[in-house]
$ cat final_19.cif   # mmCIF, C-alpha atoms (C1' of nucleotides)
data_target
#
loop_
_atom_site.label_atom_id
_atom_site.label_comp_id
_atom_site.auth_asym_id
_atom_site.auth_seq_id
_atom_site.Cartn_x
_atom_site.Cartn_y
_atom_site.Cartn_z
CA MET A 1174 -19.24 -39.50 64.25
CA GLN A 1175 -21.53 -40.70 61.54
CA LEU A 1176 -21.82 -38.90 58.28
CA SER A 1177 -25.58 -38.70 58.57
CA ARG A 1178 -25.35 -37.01 61.93
CA ILE A 1179 -22.89 -34.42 60.72
CA VAL A 1180 -25.07 -33.66 57.75
CA ALA A 1181 -28.23 -33.48 59.85
CA PHE A 1182 -26.59 -31.06 62.20
CA HIS A 1183 -25.42 -28.67 59.51
CA LYS A 1184 -28.62 -28.94 57.56
CA THR A 1185 -30.46 -27.84 60.64
CA MET A 1186 -28.03 -25.01 61.23
CA GLY A 1187 -28.36 -23.84 57.65
CA ASP A 1188 -31.43 -21.73 58.24
CA PRO A 1189 -31.46 -18.13 59.48
CA THR A 1190 -34.52 -18.56 61.65
CA ARG A 1191 -32.98 -21.45 63.48
CA ILE A 1192 -29.70 -19.62 64.04
CA ARG A 1193 -31.72 -16.76 65.48
CA ILE A 1194 -33.54 -19.13 67.79
CA ILE A 1195 -30.26 -20.60 68.96
CA TYR A 1196 -28.92 -17.14 69.58
CA LEU A 1197 -31.98 -16.18 71.61
CA LEU A 1198 -31.83 -19.37 73.64
CA SER A 1199 -28.13 -18.86 74.30
CA LYS A 1200 -29.18 -15.97 76.50
CA GLY A 1201 -31.67 -18.06 78.44
CA PRO A 1202 -34.69 -20.32 78.02
CA LEU A 1203 -37.83 -19.03 76.34
CA HIS A 1204 -41.26 -20.39 75.56
CA GLY A 1205 -42.64 -20.80 72.08
CA GLN A 1206 -44.77 -17.70 71.81
CA ALA A 1207 -41.99 -15.54 73.15
CA ILE A 1208 -39.71 -16.79 70.40
CA ALA A 1209 -42.41 -16.27 67.83
CA GLY A 1210 -42.89 -12.71 69.04
CA LYS A 1211 -39.23 -11.82 69.07
CA LEU A 1212 -38.73 -13.15 65.56
CA GLY A 1213 -41.98 -11.93 64.07
CA LEU A 1214 -43.12 -15.40 63.07
CA THR A 1215 -46.15 -17.50 63.94
CA PRO A 1216 -46.23 -20.26 66.56
CA PRO A 1217 -46.57 -23.06 63.99
CA THR A 1218 -43.42 -21.91 62.30
CA ILE A 1219 -41.59 -21.91 65.61
CA THR A 1220 -42.87 -25.38 66.38
CA HIS A 1221 -41.55 -26.52 63.05
CA HIS A 1222 -38.07 -25.21 63.78
CA LEU A 1223 -37.96 -26.36 67.38
CA HIS A 1224 -38.84 -29.82 66.20
CA LYS A 1225 -35.83 -29.82 63.95
CA LEU A 1226 -33.60 -28.45 66.66
CA LYS A 1227 -34.80 -31.18 68.98
CA ASP A 1228 -34.06 -33.79 66.33
CA ILE A 1229 -30.39 -32.96 66.55
CA ASN A 1230 -30.61 -32.71 70.31
CA LEU A 1231 -29.74 -29.04 70.32
CA VAL A 1232 -32.69 -28.00 72.46
CA TYR A 1233 -34.58 -29.67 75.25
CA THR A 1234 -37.75 -28.68 77.03
CA ARG A 1235 -39.20 -28.21 80.46
CA ARG A 1236 -42.88 -27.78 81.07
CA ASP A 1237 -44.19 -25.28 83.59
CA LYS A 1238 -47.99 -25.37 83.82
CA ASN A 1239 -49.23 -24.67 80.36
CA THR A 1240 -46.00 -23.24 79.07
CA ILE A 1241 -43.12 -25.15 77.57
CA TYR A 1242 -39.71 -23.62 77.98
CA TYR A 1243 -36.99 -24.36 75.47
CA TYR A 1244 -33.38 -24.68 76.56
CA LEU A 1245 -30.25 -24.72 74.47
CA ASN A 1246 -28.08 -27.81 74.81
CA GLU A 1247 -24.69 -26.17 74.72
CA ARG A 1248 -22.83 -29.43 74.98
CA VAL A 1249 -24.03 -30.49 71.55
CA LEU A 1250 -22.91 -27.22 70.04
CA LYS A 1251 -19.44 -27.57 71.51
CA HIS A 1252 -19.23 -31.16 70.44
CA GLN A 1253 -20.16 -30.40 66.86
CA ALA A 1254 -17.69 -27.54 66.77
CA GLN A 1255 -14.98 -29.97 67.74
CA THR A 1256 -16.09 -32.46 65.15
CA LEU A 1257 -15.74 -29.76 62.52
CA GLU A 1258 -12.13 -29.14 63.46
CA ASN A 1259 -11.40 -32.81 63.68
CA ILE A 1260 -12.46 -33.48 60.13
CA ILE A 1261 -9.02 -32.23 59.18
CA ASP A 1262 -6.89 -33.29 62.12
CA GLU A 1263 -8.20 -36.64 63.21
CA LYS A 1264 -8.65 -39.72 61.16
CA GLY A 1265 -11.56 -41.10 63.11
CA VAL A 1266 -14.21 -38.53 62.43
CA LEU A 1267 -15.61 -39.93 59.27
CA GLU A 1268 -14.25 -43.43 59.52
CA GLU A 1269 -17.29 -44.92 57.91
CA MET A 1270 -16.29 -43.39 54.63
CA ASP A 1271 -13.00 -45.17 54.26
CA GLU A 1272 -12.88 -47.46 51.31
CA VAL A 1273 -11.77 -50.25 53.59
CA LYS A 1274 -15.39 -50.77 54.31
CA ASP A 1275 -16.44 -51.70 50.82
CA THR A 1276 -20.09 -51.52 50.10
CA LYS A 1277 -20.46 -55.26 49.94
CA SER A 1278 -19.29 -55.95 53.46
CA GLU A 1279 -21.66 -57.67 55.77
CA HIS A 1280 -21.53 -54.84 58.23
CA TYR A 1281 -22.76 -52.46 55.64
CA LYS A 1282 -25.61 -54.71 54.62
CA VAL A 1283 -26.79 -55.26 58.17
CA ILE A 1284 -26.66 -51.58 58.95
CA ASN A 1285 -28.57 -50.79 55.84
CA ASN A 1286 -31.24 -53.33 56.59
CA PHE A 1287 -31.86 -52.26 60.14
CA PHE A 1288 -31.59 -48.53 59.79
CA SER A 1289 -34.25 -46.61 57.98
CA ALA A 1290 -33.45 -43.82 55.60
CA ASP A 1291 -33.76 -41.19 58.31
CA GLY A 1292 -31.23 -42.93 60.53
CA LYS A 1293 -33.64 -44.56 62.96
CA LEU A 1294 -33.23 -48.15 64.03
CA LYS A 1295 -36.18 -50.07 62.63
CA SER A 1296 -35.82 -52.91 65.12
CA ILE A 1297 -33.25 -54.57 67.34
CA PRO A 1298 -31.88 -57.63 65.54
CA ALA A 1299 -32.60 -60.94 67.15
CA GLN A 1300 -29.46 -62.63 65.86
CA ARG A 1301 -26.58 -61.94 68.17
CA LYS A 1302 -24.14 -61.26 65.37
CA LYS A 1303 -26.32 -58.69 63.70
CA LYS A 1304 -27.25 -57.20 67.02
CA LEU A 1305 -23.61 -56.61 67.83
CA ILE A 1306 -23.00 -55.00 64.47
CA ILE A 1307 -25.81 -52.59 65.20
CA PHE A 1308 -24.58 -51.83 68.70
CA GLU A 1309 -21.07 -51.26 67.45
CA HIS A 1310 -22.48 -48.86 64.96
CA LEU A 1311 -24.46 -47.01 67.62
CA ILE A 1312 -21.58 -46.81 70.06
CA LYS A 1313 -19.49 -44.95 67.53
CA GLY A 1314 -21.76 -41.98 67.97
CA LEU A 1315 -20.43 -41.57 71.51
CA LYS A 1316 -17.09 -40.01 72.32
CA LYS A 1317 -14.30 -41.96 73.86
CA GLY A 1318 -13.01 -40.61 77.15
CA VAL A 1319 -16.18 -38.66 77.84
CA LYS A 1320 -18.25 -39.29 80.96
CA TYR A 1321 -21.96 -39.41 80.27
CA GLU A 1322 -24.85 -39.33 82.67
CA GLU A 1323 -27.45 -42.01 82.29
CA LYS A 1324 -30.01 -39.61 80.96
CA GLU A 1325 -27.56 -38.44 78.32
CA ILE A 1326 -27.08 -42.01 77.20
CA ASN A 1327 -30.84 -42.48 77.11
CA GLN A 1328 -31.23 -39.31 75.14
CA TYR A 1329 -28.60 -40.40 72.66
CA ILE A 1330 -30.09 -43.84 72.15
CA LYS A 1331 -33.58 -42.43 71.87
CA GLN A 1332 -32.53 -40.76 68.63
CA PHE A 1333 -32.41 -44.21 67.13
CA HIS A 1334 -34.89 -46.33 69.04
CA ASP A 1335 -37.55 -45.87 71.71
CA ASP A 1336 -36.40 -48.77 73.81
CA TYR A 1337 -33.37 -47.02 75.14
CA ALA A 1338 -33.35 -48.99 78.38
CA THR A 1339 -32.78 -52.32 76.64
CA ILE A 1340 -30.09 -50.95 74.40
CA ARG A 1341 -28.36 -49.13 77.23
CA ARG A 1342 -28.29 -52.38 79.19
CA GLU A 1343 -26.86 -54.23 76.21
CA PHE A 1344 -24.13 -51.63 75.92
CA ILE A 1345 -23.00 -52.65 79.40
CA THR A 1346 -23.58 -56.38 78.96
CA ASN A 1347 -21.49 -56.50 75.83
CA GLN A 1348 -18.87 -54.23 77.32
CA TYR A 1349 -19.18 -51.42 74.86
CA MET A 1350 -19.44 -49.16 77.88
CA TYR A 1351 -18.90 -49.40 81.58
CA ARG A 1352 -20.83 -47.77 84.37
CA GLU A 1353 -19.62 -46.43 87.67
CA ASN A 1354 -21.90 -44.60 90.08
CA GLY A 1355 -24.37 -43.91 87.33
CA ILE A 1356 -21.70 -42.43 85.07
CA TYR A 1357 -21.14 -44.10 81.71
CA GLU A 1358 -18.08 -44.18 79.51
CA VAL A 1359 -17.15 -45.91 76.28
CA ASN A 1360 -14.73 -48.81 76.65
CA PRO A 1361 -11.70 -49.25 74.39
CA SER A 1362 -12.74 -51.37 71.47
CA GLU A 1363 -10.57 -54.31 72.54
CA MET A 1364 -13.06 -54.90 75.32
CA TRP A 1365 -16.13 -55.02 73.13
CA ALA A 1366 -18.01 -58.27 72.62
CA LYS A 1367 -16.51 -60.19 69.74
CA ILE A 1368 -18.74 -60.26 66.68
CA ASP A 1369 -17.33 -63.36 65.05
CA MET B 116 -19.59 -12.70 61.64
CA GLN B 117 -22.77 -12.00 59.77
CA LEU B 118 -25.80 -14.17 60.16
CA SER B 119 -25.95 -14.76 56.42
CA ARG B 120 -22.39 -16.08 56.36
CA ILE B 121 -23.02 -18.51 59.17
CA VAL B 122 -26.14 -19.74 57.48
CA ALA B 123 -24.45 -20.05 54.10
CA PHE B 124 -21.66 -22.06 55.63
CA HIS B 125 -23.92 -24.55 57.36
CA LYS B 126 -26.27 -24.80 54.43
CA THR B 127 -23.33 -25.79 52.30
CA MET B 128 -22.16 -28.29 54.89
CA GLY B 129 -25.60 -29.80 55.18
CA ASP B 130 -25.21 -32.16 52.27
CA PRO B 131 -23.64 -35.62 52.41
CA THR B 132 -21.93 -35.31 49.05
CA ARG B 133 -20.21 -32.12 50.07
CA ILE B 134 -19.07 -33.56 53.38
CA ARG B 135 -17.63 -36.48 51.46
CA ILE B 136 -15.82 -34.12 49.14
CA ILE B 137 -14.37 -32.23 52.08
CA TYR B 138 -13.26 -35.47 53.62
CA LEU B 139 -11.56 -36.54 50.41
CA LEU B 140 -9.83 -33.19 50.01
CA SER B 141 -8.66 -33.27 53.61
CA LYS B 142 -6.36 -36.06 52.54
CA GLY B 143 -4.95 -34.08 49.64
CA PRO B 144 -5.96 -32.20 46.50
CA LEU B 145 -7.90 -33.95 43.76
CA HIS B 146 -9.23 -33.03 40.35
CA GLY B 147 -12.90 -33.04 39.43
CA GLN B 148 -13.15 -36.36 37.67
CA ALA B 149 -11.25 -38.10 40.42
CA ILE B 150 -13.79 -36.86 42.92
CA ALA B 151 -16.64 -37.87 40.65
CA GLY B 152 -15.17 -41.34 40.33
CA LYS B 153 -14.60 -41.85 44.03
CA LEU B 154 -18.11 -40.78 44.88
CA GLY B 155 -19.89 -42.46 41.99
CA LEU B 156 -21.35 -39.23 40.67
CA THR B 157 -21.10 -37.38 37.37
CA PRO B 158 -18.82 -34.42 36.67
CA PRO B 159 -21.67 -31.91 36.44
CA THR B 160 -22.79 -32.87 39.90
CA ILE B 161 -19.29 -32.40 41.24
CA THR B 162 -19.02 -29.03 39.54
CA HIS B 163 -22.25 -28.05 41.20
CA HIS B 164 -20.95 -28.92 44.64
CA LEU B 165 -17.50 -27.46 44.15
CA HIS B 166 -19.09 -24.22 43.13
CA LYS B 167 -20.94 -24.09 46.40
CA LEU B 168 -17.83 -24.99 48.34
CA LYS B 169 -15.96 -22.20 46.59
CA ASP B 170 -18.72 -19.76 47.42
CA ILE B 171 -17.94 -20.16 51.09
CA ASN B 172 -14.22 -20.13 50.34
CA LEU B 173 -13.77 -23.66 51.59
CA VAL B 174 -11.94 -24.85 48.49
CA TYR B 175 -9.58 -23.16 46.08
CA THR B 176 -8.10 -24.33 42.81
CA ARG B 177 -4.85 -24.66 40.97
CA ARG B 178 -4.65 -25.48 37.31
CA ASP B 179 -2.10 -27.92 35.96
CA LYS B 180 -2.33 -28.30 32.16
CA ASN B 181 -5.86 -29.35 31.46
CA THR B 182 -6.63 -30.47 34.94
CA ILE B 183 -7.91 -28.35 37.80
CA TYR B 184 -6.96 -29.48 41.26
CA TYR B 185 -9.16 -28.65 44.19
CA TYR B 186 -7.67 -27.85 47.58
CA LEU B 187 -9.35 -27.65 50.95
CA ASN B 188 -9.00 -24.32 52.74
CA GLU B 189 -8.53 -25.58 56.25
CA ARG B 190 -8.41 -22.12 57.77
CA VAL B 191 -12.05 -21.50 56.93
CA LEU B 192 -13.08 -24.74 58.56
CA LYS B 193 -11.23 -23.87 61.74
CA HIS B 194 -12.62 -20.39 61.79
CA GLN B 195 -16.19 -21.56 61.42
CA ALA B 196 -15.69 -24.13 64.13
CA GLN B 197 -14.65 -21.36 66.46
CA THR B 198 -17.61 -19.24 65.47
CA LEU B 199 -19.88 -22.11 66.40
CA GLU B 200 -18.46 -22.29 69.88
CA ASN B 201 -18.56 -18.54 70.28
CA ILE B 202 -22.28 -18.37 69.63
CA ILE B 203 -22.80 -19.42 73.20
CA ASP B 204 -19.87 -17.58 74.67
CA GLU B 205 -21.54 -14.27 73.77
CA LYS B 206 -18.52 -12.98 71.93
CA GLY B 207 -20.68 -11.01 69.60
CA VAL B 208 -20.68 -13.64 66.93
CA LEU B 209 -24.05 -12.50 65.70
CA GLU B 210 -23.50 -8.83 66.30
CA GLU B 211 -26.13 -7.76 63.86
CA MET B 212 -28.76 -9.27 66.10
CA ASP B 213 -27.68 -7.43 69.17
CA GLU B 214 -26.87 -3.82 69.84
CA VAL B 215 -24.18 -4.67 72.35
CA LYS B 216 -21.10 -4.84 70.21
CA ASP B 217 -18.69 -3.74 72.88
CA THR B 218 -18.15 -7.22 74.22
CA LYS B 219 -16.22 -8.10 71.12
CA SER B 220 -12.52 -8.53 71.57
CA GLU B 221 -10.29 -6.22 69.60
CA HIS B 222 -8.77 -9.08 67.63
CA TYR B 223 -12.20 -10.15 66.59
CA LYS B 224 -13.19 -6.66 65.54
CA VAL B 225 -10.08 -6.10 63.46
CA ILE B 226 -10.44 -9.41 61.70
CA ASN B 227 -14.05 -8.66 60.98
CA ASN B 228 -13.31 -5.24 59.61
CA PHE B 229 -10.56 -6.29 57.29
CA PHE B 230 -11.97 -9.54 56.01
CA SER B 231 -14.91 -9.41 53.64
CA ALA B 232 -17.90 -11.68 53.89
CA ASP B 233 -16.36 -14.27 51.60
CA GLY B 234 -13.14 -14.45 53.59
CA LYS B 235 -10.95 -12.23 51.42
CA LEU B 236 -8.70 -9.57 52.89
CA LYS B 237 -10.13 -6.21 51.87
CA SER B 238 -6.88 -4.34 52.44
CA ILE B 239 -3.67 -4.54 54.40
CA PRO B 240 -4.01 -2.45 57.56
CA ALA B 241 -1.70 0.51 57.82
CA GLN B 242 -1.54 0.48 61.60
CA ARG B 243 1.14 -1.88 62.75
CA LYS B 244 -0.97 -3.35 65.50
CA LYS B 245 -3.87 -4.19 63.23
CA LYS B 246 -1.53 -5.42 60.56
CA LEU B 247 0.03 -7.90 62.93
CA ILE B 248 -3.36 -9.15 64.02
CA ILE B 249 -4.19 -9.84 60.41
CA PHE B 250 -0.87 -11.55 59.71
CA GLU B 251 -1.21 -13.69 62.78
CA HIS B 252 -4.59 -14.72 61.56
CA LEU B 253 -3.27 -15.59 58.13
CA ILE B 254 -0.26 -17.48 59.39
CA LYS B 255 -2.51 -19.85 61.29
CA GLY B 256 -3.57 -21.33 57.98
CA LEU B 257 -0.08 -22.72 57.43
CA LYS B 258 1.16 -25.87 59.07
CA LYS B 259 3.99 -25.84 61.57
CA GLY B 260 6.95 -28.03 60.72
CA VAL B 261 6.10 -28.10 57.02
CA LYS B 262 8.54 -26.85 54.41
CA TYR B 263 6.87 -24.73 51.73
CA GLU B 264 8.18 -23.57 48.41
CA GLU B 265 7.85 -19.92 47.62
CA LYS B 266 5.14 -20.50 45.04
CA GLU B 267 3.14 -22.45 47.59
CA ILE B 268 3.31 -19.54 49.97
CA ASN B 269 2.26 -17.21 47.18
CA GLN B 270 -0.60 -19.50 46.27
CA TYR B 271 -1.79 -19.60 49.86
CA ILE B 272 -1.66 -15.84 50.34
CA LYS B 273 -3.36 -15.22 47.02
CA GLN B 274 -6.52 -16.76 48.41
CA PHE B 275 -6.81 -13.72 50.61
CA HIS B 276 -5.10 -10.88 48.80
CA ASP B 277 -3.54 -10.22 45.40
CA ASP B 278 -0.43 -8.57 46.76
CA TYR B 279 1.13 -11.80 47.92
CA ALA B 280 4.66 -10.52 47.54
CA THR B 281 4.24 -7.79 50.15
CA ILE B 282 2.54 -10.10 52.60
CA ARG B 283 5.09 -12.85 52.09
CA ARG B 284 7.87 -10.37 52.80
CA GLU B 285 6.08 -9.19 55.94
CA PHE B 286 5.82 -12.77 57.11
CA ILE B 287 9.60 -12.89 57.12
CA THR B 288 10.16 -9.38 58.47
CA ASN B 289 7.92 -10.02 61.43
CA GLN B 290 9.36 -13.47 61.96
CA TYR B 291 6.18 -15.40 61.43
CA MET B 292 8.23 -17.51 59.03
CA TYR B 293 11.84 -17.97 58.11
CA ARG B 294 13.35 -18.70 54.73
CA GLU B 295 16.34 -20.81 53.83
CA ASN B 296 17.38 -21.45 50.21
CA GLY B 297 13.95 -20.46 49.00
CA ILE B 298 12.20 -22.83 51.40
CA TYR B 299 9.78 -21.33 53.90
CA GLU B 300 8.67 -22.61 57.27
CA VAL B 301 6.48 -21.24 60.07
CA ASN B 302 8.36 -20.10 63.17
CA PRO B 303 7.27 -21.04 66.68
CA SER B 304 4.92 -18.37 67.95
CA GLU B 305 7.39 -17.12 70.58
CA MET B 306 9.38 -15.67 67.74
CA TRP B 307 6.54 -13.75 66.18
CA ALA B 308 6.46 -9.95 66.30
CA LYS B 309 4.82 -8.77 69.48
CA ILE B 310 1.42 -7.18 68.93
CA ASP B 311 1.22 -5.12 72.13
"C1'" DT C 563 -5.95 -26.39 12.48
"C1'" DT C 564 -7.98 -30.46 14.26
"C1'" DT C 565 -8.48 -33.50 18.02
"C1'" DT C 566 -8.63 -34.68 22.72
"C1'" DT C 567 -9.63 -34.02 27.51
"C1'" DA C 568 -11.54 -31.91 31.59
"C1'" DA C 569 -14.77 -28.78 33.20
"C1'" DT C 570 -18.85 -26.18 32.86
"C1'" DT C 571 -23.48 -24.74 31.47
"C1'" DT C 572 -28.20 -25.77 30.31
"C1'" DG C 573 -32.49 -27.68 31.03
"C1'" DA C 574 -35.36 -31.18 33.14
"C1'" DT C 575 -37.04 -33.75 37.12
"C1'" DA C 576 -37.78 -35.10 41.66
"C1'" DT C 577 -37.54 -34.03 46.29
"C1'" DA C 578 -37.32 -31.15 50.34
"C1'" DT C 579 -38.70 -27.38 53.15
"C1'" DA C 580 -40.07 -22.65 55.24
"C1'" DT C 581 -44.05 -20.37 56.00
"C1'" DC C 582 -48.78 -19.37 56.54
"C1'" DT C 583 -53.96 -20.12 57.97
"C1'" DA C 584 -57.25 -23.01 60.02
"C1'" DA C 585 -58.28 -26.74 62.86
"C1'" DT C 586 -57.05 -29.62 66.72
"C1'" DT C 587 -54.90 -31.23 70.98
"C1'" DA C 588 -53.25 -31.08 75.87
"C1'" DG C 589 -53.20 -29.07 80.23
"C1'" DA C 590 -54.61 -25.88 83.60
"C1'" DT C 591 -58.10 -23.38 85.97
"C1'" DG C 592 -62.63 -21.95 87.35
"C1'" DC D 500 -67.82 -29.85 83.06
"C1'" DA D 501 -66.63 -25.54 80.51
"C1'" DT D 502 -63.24 -22.41 79.34
"C1'" DC D 503 -58.87 -20.58 78.55
"C1'" DT D 504 -54.09 -20.86 76.83
"C1'" DA D 505 -50.05 -22.64 74.61
"C1'" DA D 506 -48.59 -25.86 71.43
"C1'" DT D 507 -49.15 -28.84 67.69
"C1'" DT D 508 -50.96 -30.84 63.39
"C1'" DA D 509 -52.87 -30.59 58.72
"C1'" DG D 510 -52.95 -28.81 54.41
"C1'" DA D 511 -51.46 -25.45 50.91
"C1'" DT D 512 -48.04 -22.77 48.48
"C1'" DA D 513 -43.79 -21.11 47.03
"C1'" DT D 514 -39.08 -21.71 46.75
"C1'" DA D 515 -34.77 -24.18 46.71
"C1'" DT D 516 -31.76 -27.82 45.29
"C1'" DA D 517 -29.40 -32.45 44.11
"C1'" DT D 518 -28.89 -35.04 40.26
"C1'" DC D 519 -28.49 -36.40 35.49
"C1'" DA D 520 -27.98 -36.29 30.19
"C1'" DA D 521 -26.82 -33.43 26.53
"C1'" DA D 522 -24.53 -29.56 24.72
"C1'" DT D 523 -20.82 -26.29 25.14
"C1'" DT D 524 -16.42 -24.20 26.49
"C1'" DA D 525 -11.33 -23.97 27.41
"C1'" DA D 526 -6.98 -25.48 27.21
"C1'" DA D 527 -3.52 -28.71 25.68
"C1'" DA D 528 -1.69 -31.87 22.30
"C1'" DA D 529 -1.12 -33.62 17.79
#

$ encode --input "final_19.cif" --output "structure tokens"
Amino acid sequence: MQLSRIVAFHKTMGDPTRIRIIYLLSKGPLHGQAIAGKLGLTPPTITHHLHKLKDINLVYTRRDKNTIYYYLNERVLKHQAQTLENIIDEKGVLEEMDEVKDTKSEHYKVINNFFSADGKLKSIPAQRKKKLIIFEHLIKGLKKGVKYEEKEINQYIKQFHDDYATIRREFITNQYMYRENGIYEVNPSEMWAKID
Amino acid sequence: MQLSRIVAFHKTMGDPTRIRIIYLLSKGPLHGQAIAGKLGLTPPTITHHLHKLKDINLVYTRRDKNTIYYYLNERVLKHQAQTLENIIDEKGVLEEMDEVKDTKSEHYKVINNFFSADGKLKSIPAQRKKKLIIFEHLIKGLKKGVKYEEKEINQYIKQFHDDYATIRREFITNQYMYRENGIYEVNPSEMWAKID
DNA sequence: TTTTTAATTTGATATATATCTAATTAGATG
DNA sequence: CATCTAATTAGATATATATCAAATTAAAAA
């Protein structure tokens, strides 16, 4: 898990209105005006918060005629809860912080050049070496041993770049993941394409 | 759990510097200037963050001569992680938002009644059953297989309640821990006093 | 007592953000 | 097309906060 993602999650959770929204949605989907009504706030305010909740992938939407229903993505909540516990137990949670990766390393530079301040991928590097560094970075946001559906992978990649199809394909090509019957899973790192 | 406590926790966690501090402390206690050095920030900034971390009871301190060492309170992290998961499992995590409080488990209720908002133990329950629930909760903050000195045990208990001597004695009486030559260690849970 | 060291407080600055009203957009329906 | 409805955007305001330099405090050492 990347530091920026952990921070983004908690920052989003650190607001009473958003916790209330999550609580409401945990009992079933609702549309915007219903949420606004229940919380005594205006629709623009709700839009504002739902946008932030969508940014961390905690809600998703389904449209029915003119009305958009908001659903809670419980998987993300569970996953973040585990990450919290793992900060203490596991080494891997915040691996990017270890001093081993000194700030002058090439990896760090490439990542800094291609990711914008808000964590989005500005473009996909043309150079193979840099491209692999970026992909390796992205793949770390996925859990090992977890089976993902294709749309989950798309959703995850879309956080960083619109062209999720290309990146998803590259994940397979470079053996960061494998696919079986439309189910994706992260490969052990020994199988990944070699950067040097 | 009160809404305000959940929000305060996540608001505090929603900052990269504080996550870094937590990560550093998860590897062992450090004093202020050491943290400042490792993170490339000034002591006032670290003070600022440590104050916020103390507000949610996530760190505690021990003074050694002129130097104050900061310790991570892992129990609080675990507890909040559970709360996160329980938001969706309708265990009454946000009871103040919902009139239906009966779904709460008895353990949960007792813990909520006897712990104050900032995680301190308001009093030691008189009823044996409740008392054991509280002790079981406290004992989970200690590591299994680790040998503690008596003053370490005292230090740990003092985070929650001033009368550490009584609680430490109860730990032994109810077989949550055993003592040998002044060294304490957590017993396997089969040996603990039975609550029902 | 004087000096040293670590931590804290104070005050300033820059940035972020929660909320509202008013205006606009996107679909659906007549 | 014209109208209705739900959602979003734009712009404004008020509040919070992360950070630093400078000044101050607290405890230990000399």

$ resolve_selection --input "final_19.cif" --expression "the PyMOL selection byres ((chain D) within 7 of (chain B))" --output "list in words"
DT518, DA526 and DA527 of chain D

$ residues_around --input "final_19.cif" --residues "range 1318-1325 of chain A" --least-positions-apart "2" --cutoff "6 Å" --atoms "all atoms listed in the file" --output "number ranges by chain"
A: 1316, 1327-1328, 1356-1358

$ closest_residue --input "final_19.cif" --among "B:Met292, B:Val174, B:Ala149, B:Leu247" --to "chain C" --atoms "only C-alpha atoms (C1' of nucleotides)"
B:Ala149

$ closest_atom_pairs --input "final_19.cif" --of "chain C" --to "chain A" --cutoff "7 Å" --atoms "all atoms listed in the file" --output "CSV"
residue,atom,partner,partner_atom,distance
C:DT581,C1',A:Thr1218,CA,6.5
C:DG589,C1',A:Asn1239,CA,5.9
C:DA590,C1',A:Asn1239,CA,6.4

$ atom_distance --input "final_19.cif" --atom1 "CA of His1334 in chain A" --atom2 "CA of Ile1241 in chain A"
24.3 Å

$ axis_aligned_box --input "final_19.cif" --around "range 1224-1228 of chain A" --padding-each-side "3 Å" --output "JSON"
{"center_x": -36.2, "center_y": -31.1, "center_z": 66.5, "size_x": 11.2, "size_y": 11.3, "size_z": 11.0}

$ interface_residues --input "final_19.cif" --of "chain A" --to "chain B" --cutoff "9 Å" --atoms "only C-alpha atoms" --output "ChimeraX atom specification"
/A:1176-1177,1179-1189,1192-1193,1195-1196,1199-1200,1247,1250-1258,1260-1262,1267,1270

$ residues_around --input "final_19.cif" --residues "range 236-245 of chain B" --least-positions-apart "6" --cutoff "6 Å" --atoms "only C-alpha atoms (C1' of nucleotides)" --output "list in words"
Phe229, Phe230, Phe275, His276 and Ile310 of chain B

$ resolve_selection --input "final_19.cif" --expression "the PyMOL selection byres ((chain C and resi 564-573) around 8)" --output "MDAnalysis selection string"
(chainID B and resid 147:148 158:159 162 181:182) or (chainID C and resid 563 574) or (chainID D and resid 522:524 528:529)

$ resolve_selection --input "final_19.cif" --expression "the PyMOL selection byres ((chain D and resi 510) around 10)" --output "mmCIF file with C-alpha atoms (C1' of nucleotides), in the frame of the given file"
data_model
loop_
_atom_site.group_PDB
_atom_site.id
_atom_site.type_symbol
_atom_site.label_atom_id
_atom_site.label_comp_id
_atom_site.auth_asym_id
_atom_site.auth_seq_id
_atom_site.Cartn_x
_atom_site.Cartn_y
_atom_site.Cartn_z
ATOM 1 C "C1'" DT C 583 -53.960 -20.120 57.970
ATOM 2 C "C1'" DA C 584 -57.250 -23.010 60.020
ATOM 3 C "C1'" DT D 508 -50.960 -30.840 63.390
ATOM 4 C "C1'" DA D 509 -52.870 -30.590 58.720
ATOM 5 C "C1'" DA D 511 -51.460 -25.450 50.910
ATOM 6 C "C1'" DT D 512 -48.040 -22.770 48.480
#

$ atom_distance --input "final_19.cif" --atom1 "CA of Arg283 in chain B" --atom2 "CA of Ile268 in chain B"
7.2 Å

$ closest_residue --input "final_19.cif" --among "A:Ile1219, A:Tyr1243, A:Leu1311, A:Asp1237" --to "Lys1331 in chain A" --atoms "all atoms listed in the file"
A:Leu1311

$ atom_distance --input "final_19.cif" --atom1 "CA of Ile1306 in chain A" --atom2 "CA of Tyr1349 in chain A"
11.6 Å

$ residues_around --input "final_19.cif" --residues "DT575 in chain C" --least-positions-apart "4" --cutoff "12 Å" --atoms "all atoms listed in the file" --output "PyMOL selection string"
chain D and resi 516-520

$ residues_around --input "final_19.cif" --residues "DA515 in chain D" --least-positions-apart "3" --cutoff "12 Å" --atoms "all atoms listed in the file" --output "MDAnalysis selection string"
(chainID B and resid 126) or (chainID C and resid 577:580)

$ write_last_selection --input "final_19.cif" --atoms "C-alpha atoms (C1' of nucleotides)" --output "PDB file, in the frame of the given file"
ATOM      1  CA  LYS B 126     -26.270 -24.800  54.430  1.00  0.00           C
TER       2      LYS B 126
ATOM      3  C1'  DT C 577     -37.540 -34.030  46.290  1.00  0.00           C
ATOM      4  C1'  DA C 578     -37.320 -31.150  50.340  1.00  0.00           C
ATOM      5  C1'  DT C 579     -38.700 -27.380  53.150  1.00  0.00           C
ATOM      6  C1'  DA C 580     -40.070 -22.650  55.240  1.00  0.00           C
TER       7       DA C 580
END
